[in-house]
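Novice: Here you go, start-v2.cif (mmCIF, C-alpha atoms (C1' of nucleotides)):
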```cif
data_work
loop_
_atom_site.label_atom_id
_atom_site.label_comp_id
_atom_site.auth_asym_id
_atom_site.auth_seq_id
_atom_site.Cartn_x
_atom_site.Cartn_y
_atom_site.Cartn_z
CA MET Z 43 42.83 159.90 45.07
CA SER Z 44 39.66 159.80 43.03
CA SER Z 45 38.69 156.22 42.28
CA SER Z 46 36.80 157.30 39.16
CA ILE Z 47 39.98 158.73 37.71
CA ARG Z 48 41.83 155.58 38.73
CA GLN Z 49 39.22 153.64 36.75
CA SER Z 50 39.46 156.05 33.85
CA VAL Z 51 43.22 155.72 33.52
CA ARG Z 52 42.76 151.98 33.20
CA GLN Z 53 39.69 152.26 30.96
CA LEU Z 54 41.56 154.58 28.66
CA TYR Z 55 44.25 151.94 28.29
CA GLU Z 56 41.69 149.22 27.57
CA SER Z 57 39.92 151.39 25.00
CA LEU Z 58 43.17 152.16 23.22
CA LEU Z 59 44.30 148.56 23.27
CA ASN Z 60 40.96 147.44 21.84
CA ALA Z 61 41.11 150.04 19.10
CA TYR Z 62 44.75 149.68 18.08
CA GLY Z 63 46.06 146.38 19.41
CA PRO Z 64 49.49 145.91 20.94
CA GLN Z 65 52.03 148.32 19.45
CA GLY Z 66 55.28 146.60 20.41
CA TRP Z 67 56.90 149.97 20.29
CA TRP Z 68 59.70 151.95 20.03
CA PRO Z 69 60.68 152.38 16.40
CA GLY Z 70 64.39 151.68 16.77
CA ASP Z 71 66.42 148.47 16.70
CA SER Z 72 68.90 148.97 19.52
CA PRO Z 73 69.09 150.87 22.79
CA THR Z 74 71.69 153.14 21.19
CA GLU Z 75 69.34 153.98 18.34
CA ILE Z 76 66.52 154.58 20.81
CA VAL Z 77 68.58 157.08 22.80
CA VAL Z 78 69.64 158.92 19.66
CA GLY Z 79 66.05 158.88 18.40
CA ALA Z 80 64.76 160.21 21.71
CA ILE Z 81 66.93 163.31 21.35
CA LEU Z 82 66.36 163.77 17.64
CA THR Z 83 62.57 163.54 17.91
CA GLN Z 84 62.29 166.56 20.19
CA ASN Z 85 59.49 168.66 18.71
CA THR Z 86 59.97 166.88 15.40
CA ASN Z 87 58.07 164.47 13.17
CA TRP Z 88 59.37 160.92 13.51
CA ARG Z 89 59.72 160.56 9.74
CA ASN Z 90 62.38 163.26 9.72
CA VAL Z 91 64.14 161.51 12.58
CA GLU Z 92 64.26 158.28 10.59
CA LYS Z 93 66.07 160.05 7.78
CA ALA Z 94 68.63 161.42 10.18
CA ILE Z 95 69.16 158.05 11.84
CA SER Z 96 69.57 156.32 8.53
CA GLN Z 97 72.24 158.86 7.55
CA LEU Z 98 74.05 158.15 10.82
CA ARG Z 99 73.88 154.44 10.09
CA GLN Z 100 75.15 154.89 6.55
CA ALA Z 101 78.04 156.94 7.87
CA ARG Z 102 78.71 154.10 10.34
CA VAL Z 103 78.70 156.41 13.33
CA LEU Z 104 75.67 155.04 15.16
CA ASN Z 105 77.78 153.87 18.09
CA TRP Z 106 79.07 155.66 21.18
CA LYS Z 107 82.71 155.70 20.21
CA SER Z 108 82.12 157.24 16.79
CA LEU Z 109 79.61 159.69 18.20
CA ARG Z 110 82.19 160.73 20.75
CA ASP Z 111 84.93 161.23 18.16
CA LEU Z 112 82.85 162.84 15.44
CA PRO Z 113 83.18 166.64 15.32
CA ALA Z 114 79.89 168.39 16.18
CA ARG Z 115 79.93 170.08 12.78
CA GLN Z 116 79.86 166.76 10.94
CA LEU Z 117 77.31 165.32 13.30
CA ALA Z 118 75.06 168.31 12.63
CA ALA Z 119 75.36 167.78 8.88
CA LEU Z 120 74.32 164.13 9.20
CA ILE Z 121 71.27 164.81 11.35
CA ARG Z 122 70.14 167.80 9.31
CA PRO Z 123 66.79 166.25 8.22
CA ALA Z 124 65.67 166.07 11.87
CA GLY Z 125 65.67 169.87 12.14
CA TYR Z 126 67.27 172.02 14.88
CA TYR Z 127 70.40 170.19 13.79
CA ASN Z 128 72.92 172.45 15.51
CA VAL Z 129 71.07 172.27 18.80
CA LYS Z 130 70.54 168.53 18.55
CA ALA Z 131 74.16 167.85 17.59
CA ARG Z 132 75.18 169.68 20.77
CA ARG Z 133 72.64 167.74 22.83
CA LEU Z 134 73.82 164.40 21.45
CA LYS Z 135 77.38 165.41 22.23
CA ASN Z 136 76.35 166.31 25.77
CA PHE Z 137 74.78 162.89 26.24
CA VAL Z 138 77.77 161.09 24.77
CA GLY Z 139 80.14 163.09 26.94
CA TRP Z 140 78.17 162.14 30.05
CA LEU Z 141 78.02 158.47 29.04
CA TRP Z 142 81.80 158.25 28.60
CA ARG Z 143 82.72 160.43 31.55
CA GLU Z 144 80.40 158.80 34.06
CA HIS Z 145 79.69 155.31 32.72
CA GLY Z 146 82.51 154.16 30.47
CA GLY Z 147 80.70 154.83 27.21
CA ASP Z 148 78.42 151.81 27.51
CA LEU Z 149 74.66 151.85 28.11
CA LYS Z 150 74.97 148.44 29.75
CA ASN Z 151 76.75 150.09 32.65
CA LEU Z 152 73.56 152.00 33.44
CA ARG Z 153 71.75 148.83 34.40
CA THR Z 154 73.11 148.87 37.94
CA VAL Z 155 72.37 152.54 38.61
CA PRO Z 156 69.27 153.07 40.80
CA ALA Z 157 66.35 154.51 38.85
CA ASP Z 158 66.05 157.78 40.79
CA LYS Z 159 69.75 158.51 40.55
CA LEU Z 160 69.78 157.68 36.87
CA ARG Z 161 66.83 159.95 36.14
CA SER Z 162 68.39 162.93 37.88
CA GLU Z 163 71.71 162.29 36.14
CA LEU Z 164 69.91 162.29 32.79
CA LEU Z 165 68.06 165.48 33.66
CA SER Z 166 71.33 167.16 34.54
CA ILE Z 167 72.52 166.77 30.93
CA ASN Z 168 71.88 169.95 29.00
CA GLY Z 169 69.35 169.08 26.31
CA VAL Z 170 67.74 166.19 28.15
CA GLY Z 171 64.41 167.24 29.65
CA PRO Z 172 61.79 165.11 31.38
CA GLU Z 173 60.26 163.54 28.27
CA THR Z 174 63.60 162.65 26.74
CA ALA Z 175 64.87 161.26 30.06
CA ASP Z 176 61.76 159.14 30.56
CA SER Z 177 61.84 157.89 26.97
CA ILE Z 178 65.43 156.79 27.45
CA LEU Z 179 64.65 155.17 30.81
CA LEU Z 180 61.59 153.33 29.52
CA TYR Z 181 62.42 152.41 25.95
CA ALA Z 182 66.19 152.03 26.00
CA LEU Z 183 66.73 150.84 29.57
CA ASP Z 184 63.46 149.07 30.38
CA ARG Z 185 62.83 151.12 33.53
CA PRO Z 186 59.23 151.87 34.60
CA SER Z 187 59.12 155.62 33.97
CA PHE Z 188 55.87 156.86 32.40
CA VAL Z 189 56.50 159.06 29.37
CA VAL Z 190 54.39 162.20 29.10
CA ASP Z 191 54.23 164.00 25.77
CA ALA Z 192 52.02 166.52 24.00
CA TYR Z 193 49.49 163.81 23.06
CA THR Z 194 49.34 162.51 26.63
CA ARG Z 195 48.55 166.00 27.86
CA ARG Z 196 45.87 166.67 25.25
CA ILE Z 197 44.16 163.33 25.77
CA ALA Z 198 44.30 163.51 29.57
CA VAL Z 199 42.86 167.03 29.60
CA ARG Z 200 40.24 166.39 26.94
CA HIS Z 201 38.98 163.31 28.73
CA GLY Z 202 38.92 164.90 32.13
CA LEU Z 203 41.82 163.00 33.68
CA ALA Z 204 43.80 166.18 34.29
CA LYS Z 205 43.27 169.91 34.51
CA VAL Z 206 44.39 172.39 31.88
CA GLY Z 207 47.87 173.63 32.69
CA VAL Z 208 48.94 170.50 34.57
CA GLY Z 209 52.72 170.17 34.63
CA TYR Z 210 54.86 167.28 33.48
CA SER Z 211 55.36 165.66 36.85
CA GLY Z 212 51.74 166.16 37.85
CA LEU Z 213 50.61 164.40 34.70
CA GLN Z 214 53.14 161.65 35.17
CA ARG Z 215 51.89 161.08 38.72
CA ILE Z 216 48.31 160.75 37.50
CA PHE Z 217 49.32 157.76 35.41
CA GLU Z 218 52.00 156.22 37.59
CA ALA Z 219 49.90 156.37 40.76
CA ARG Z 220 47.04 154.52 39.09
CA LEU Z 221 48.88 151.78 37.26
CA PRO Z 222 51.02 148.86 38.34
CA ARG Z 223 54.66 149.93 38.17
CA GLU Z 224 55.61 147.86 35.12
CA ALA Z 225 57.85 148.93 32.27
CA ALA Z 226 55.99 146.75 29.75
CA LEU Z 227 52.68 148.39 30.63
CA TYR Z 228 54.08 151.96 30.53
CA ASN Z 229 55.74 151.13 27.24
CA GLU Z 230 52.54 149.91 25.63
CA TYR Z 231 50.40 152.68 27.11
CA HIS Z 232 52.56 155.48 25.78
CA ALA Z 233 52.84 153.77 22.40
CA LEU Z 234 49.04 153.56 22.19
CA ILE Z 235 48.70 157.23 23.12
CA VAL Z 236 51.04 158.15 20.29
CA ALA Z 237 49.13 155.88 17.91
CA VAL Z 238 45.81 157.57 18.60
CA GLY Z 239 47.49 160.95 18.93
CA LYS Z 240 49.03 160.89 15.48
CA LYS Z 241 45.67 160.03 13.94
CA HIS Z 242 43.21 162.06 15.95
CA CYS Z 243 44.74 164.36 18.53
CA GLY Z 244 46.33 167.20 16.61
CA LYS Z 245 46.48 170.65 18.15
CA LYS Z 246 43.07 171.56 16.81
CA ALA Z 247 41.30 168.19 16.77
CA LYS Z 248 38.90 167.59 19.64
CA CYS Z 249 38.97 163.83 20.07
CA CYS Z 250 35.41 163.45 18.76
CA GLU Z 251 36.09 161.24 15.78
CA CYS Z 252 38.59 159.04 17.53
CA PRO Z 253 37.99 155.57 19.00
CA LEU Z 254 37.72 157.22 22.41
CA ALA Z 255 34.63 159.21 21.47
CA ARG Z 256 32.54 157.22 23.92
CA PHE Z 257 35.13 157.49 26.63
CA PRO Z 258 34.12 159.82 29.52
CA HIS Z 259 34.72 163.25 28.11
CA ASN Z 260 35.36 166.81 29.15
CA SER Z 261 33.82 169.70 27.28
CA ASP Z 262 37.42 170.24 26.05
CA ASN Z 263 40.12 172.72 26.87
"C1'" DG N 1285 52.11 179.75 2.10
"C1'" DA N 1286 50.53 178.43 6.70
"C1'" DC N 1287 50.60 175.08 9.98
"C1'" DC N 1288 52.36 171.26 12.45
"C1'" DA N 1289 55.48 167.62 14.49
"C1'" DG N 1290 56.61 162.24 20.32
"C1'" DG N 1291 61.14 169.51 23.55
"C1'" DC N 1292 64.36 172.11 25.76
"C1'" DA N 1293 67.09 175.97 27.46
"C1'" DC N 1294 67.41 180.55 28.29
"C1'" DA N 1295 65.98 185.44 28.92
"C1'" DT N 1296 62.86 188.40 30.92
"C1'" DC N 1297 59.39 190.07 33.86
"C1'" DG F 36 56.99 180.82 38.76
"C1'" DA F 37 54.90 182.14 34.49
"C1'" DT F 38 55.51 183.51 29.85
"C1'" DG F 39 57.97 184.33 25.42
"C1'" DT F 40 61.45 183.07 22.09
"C1'" DG F 41 65.02 180.63 19.27
"C1'" DC F 42 66.13 176.52 17.26
"C1'" DA F 43 64.89 174.17 11.42
"C1'" DT F 44 63.54 170.41 8.48
"C1'" DG F 45 59.96 168.12 5.73
"C1'" DG F 46 55.04 166.70 5.10
"C1'" DT F 47 50.13 168.11 4.46
#
```
Translate this structure into structure tokens?
Specialist:
Amino acid sequence: MSSSIRQSVRQLYESLLNAYGPQGWWPGDSPTEIVVGAILTQNTNWRNVEKAISQLRQARVLNWKSLRDLPARQLAALIRPAGYYNVKARRLKNFVGWLWREHGGDLKNLRTVPADKLRSELLSINGVGPETADSILLYALDRPSFVVDAYTRRIAVRHGLAKVGVGYSGLQRIFEARLPREAALYNEYHALIVAVGKKHCGKKAKCCECPLARFPHNSDN
DNA sequence: GACCAGGCACATC
DNA sequence: GATGTGCATGGT
């Protein structure tokens, strides 16, 4: 393992923390809301997700029993603002079905499941991919699983921490192998990446105006 | 009106 | 295994 990259992964964290301060993230009040948000935010602006979640709350269905009993059609109508509403209604239903079938419909029952087993169970649910699974593990269940998203990839590649075309698990390893295995740290790190990402790391932006401008830099992808 | 946003599954080659 | 495509709303 390259020690300079090990340093960089930590320096990146320090730079972000200096620039943005602690984020105390995920925007959601309860583990249930976090899980629902993790599915709804797939390829979608968080503001749209908030609208959908607030409609679920108003309809008083933001709990696992109601979500289980609610027809997919009605669920889709409620989450419409989040986009891909038919797909996401099906994905939520798949998660809810798994939670009731395998774990009694209560997230608390997941606390005793070993992390590896839990992650592969989540990944076996149709509609839950690696980012959604890791977001659920980290932000709803407090498990140390580093979340990789589009911003993480752009920043890592642009700053020379990873090669263009690196896959999800490769990218995740780069961070996990170089950081203490702590949920609180992973939580804060990903939150900071999203904070800088939203401001400066759009598809076309090149990370030159951002607070990381002086951070060791690639020529860009 | 074009482009983008905290993915994922599925088809096709 | 890599690449392309459908899914959809709301903000800039």
Novice: Output as a count of residues only the set of chain Z residues within 7 Å of chain F, with distances taken over only C-alpha atoms (C1' of nucleotides).
Specialist: 6
Novice: Which residues, named as in the file, does the PyMOL selection byres ((chain Z) within 7 of (chain N)) pick out? Answer as a list of chain:residue names.
Specialist: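 On the file shown, the PyMOL selection byres ((chain Z) within 7 of (chain N)) covers Z:Thr83, Z:Gln84, Z:Asn85, Z:Thr86, Z:Asn87, Z:Gly169, Z:Gly171, Z:Asp191, Z:Val236.
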Novice: Mind giving me the axis-aligned box for chain N with 4 Å on every side, centre plus edges in Å to one decimal, as JSON?
Specialist:
```
{"center_x": 59.0, "center_y": 176.2, "center_z": 18.0, "size_x": 24.9, "size_y": 35.8, "size_z": 39.8}
```
Novice: Using all atoms listed in the file, determine which residues lie at most 12 Å from region 214-220 of chain Z, disregarding the query and same-chain residues fewer than 3 positions distant; provide the list as a ChimeraX atom specification.
Specialist: /Z:43-55,172-173,176,186-191,194-195,198-199,202-205,208-211,223-225,227-228,231-232
Novice: Convert the current residue selection to file output with C-alpha atoms, as a tab-separated table (two decimals), keeping the file's coordinate frame.
Specialist:
```
chain	number	residue	atom	x	y	z
Z	43	MET	CA	42.83	159.90	45.07
Z	44	SER	CA	39.66	159.80	43.03
Z	45	SER	CA	38.69	156.22	42.28
Z	46	SER	CA	36.80	157.30	39.16
Z	47	ILE	CA	39.98	158.73	37.71
Z	48	ARG	CA	41.83	155.58	38.73
Z	49	GLN	CA	39.22	153.64	36.75
Z	50	SER	CA	39.46	156.05	33.85
Z	51	VAL	CA	43.22	155.72	33.52
Z	52	ARG	CA	42.76	151.98	33.20
Z	53	GLN	CA	39.69	152.26	30.96
Z	54	LEU	CA	41.56	154.58	28.66
Z	55	TYR	CA	44.25	151.94	28.29
Z	172	PRO	CA	61.79	165.11	31.38
Z	173	GLU	CA	60.26	163.54	28.27
Z	176	ASP	CA	61.76	159.14	30.56
Z	186	PRO	CA	59.23	151.87	34.60
Z	187	SER	CA	59.12	155.62	33.97
Z	188	PHE	CA	55.87	156.86	32.40
Z	189	VAL	CA	56.50	159.06	29.37
Z	190	VAL	CA	54.39	162.20	29.10
Z	191	ASP	CA	54.23	164.00	25.77
Z	194	THR	CA	49.34	162.51	26.63
Z	195	ARG	CA	48.55	166.00	27.86
Z	198	ALA	CA	44.30	163.51	29.57
Z	199	VAL	CA	42.86	167.03	29.60
Z	202	GLY	CA	38.92	164.90	32.13
Z	203	LEU	CA	41.82	163.00	33.68
Z	204	ALA	CA	43.80	166.18	34.29
Z	205	LYS	CA	43.27	169.91	34.51
Z	208	VAL	CA	48.94	170.50	34.57
Z	209	GLY	CA	52.72	170.17	34.63
Z	210	TYR	CA	54.86	167.28	33.48
Z	211	SER	CA	55.36	165.66	36.85
Z	223	ARG	CA	54.66	149.93	38.17
Z	224	GLU	CA	55.61	147.86	35.12
Z	225	ALA	CA	57.85	148.93	32.27
Z	227	LEU	CA	52.68	148.39	30.63
Z	228	TYR	CA	54.08	151.96	30.53
Z	231	TYR	CA	50.40	152.68	27.11
Z	232	HIS	CA	52.56	155.48	25.78
```
Novice: Determine the residue set returned by the PyMOL selection byres ((chain Z and resi 116) around 12) for the present structure, and present it as a compact mmCIF listing (two decimals) with C-alpha atoms, in the frame of the given file.
Specialist:
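Resulting contents of result05.txt:
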```
# COMPACT_ATOMS: atom_id res chain seq x y z
CA GLN Z 97 72.24 158.86 7.55
CA LEU Z 98 74.05 158.15 10.82
CA ALA Z 101 78.04 156.94 7.87
CA VAL Z 103 78.70 156.41 13.33
CA SER Z 108 82.12 157.24 16.79
CA LEU Z 109 79.61 159.69 18.20
CA ARG Z 110 82.19 160.73 20.75
CA ASP Z 111 84.93 161.23 18.16
CA LEU Z 112 82.85 162.84 15.44
CA PRO Z 113 83.18 166.64 15.32
CA ALA Z 114 79.89 168.39 16.18
CA ARG Z 115 79.93 170.08 12.78
CA LEU Z 117 77.31 165.32 13.30
CA ALA Z 118 75.06 168.31 12.63
CA ALA Z 119 75.36 167.78 8.88
CA LEU Z 120 74.32 164.13 9.20
CA ILE Z 121 71.27 164.81 11.35
CA ARG Z 122 70.14 167.80 9.31
CA TYR Z 127 70.40 170.19 13.79
CA ASN Z 128 72.92 172.45 15.51
CA ALA Z 131 74.16 167.85 17.59
CA ARG Z 132 75.18 169.68 20.77
CA LYS Z 135 77.38 165.41 22.23
```
Novice: One decimal, Å: what's the distance from CA of Gly239 (chain Z) over to CA of Arg133 (chain Z), could you say?
Specialist: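 Interatomic distance, CA of Gly239 (chain Z) to CA of Arg133 (chain Z): 26.3 Å.
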Novice: May I have the protein, DNA and RNA residues with an atom at most 12 Å from (78.7, 154.1, 28.3), counting only C-alpha atoms (C1' of nucleotides) in the file's coordinates, returned as a PyMOL selection string?
Specialist: chain Z and resi 73-74+77+105-107+109-110+137-153
Novice: Kindly give the distance, in Å, that separates CA of Leu160 (chain Z) and CA of Thr174 (chain Z), rounded to a single decimal.
Specialist: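 Rounded to one decimal, the two atoms are 12.9 Å apart.
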Novice: CA of Lys245 (chain Z) and CA of Ala182 (chain Z), how far apart in Å?
Specialist: 28.2 Å
Novice: If you apply the PyMOL selection byres ((chain Z and resi 65) around 9) to this file, what residues do you get, as a list in words?
Specialist: Leu59, Tyr62, Gly63, Pro64, Gly66, Trp67, Trp68, Glu230, Tyr231, Ala233, Leu234 and Ala237 of chain Z
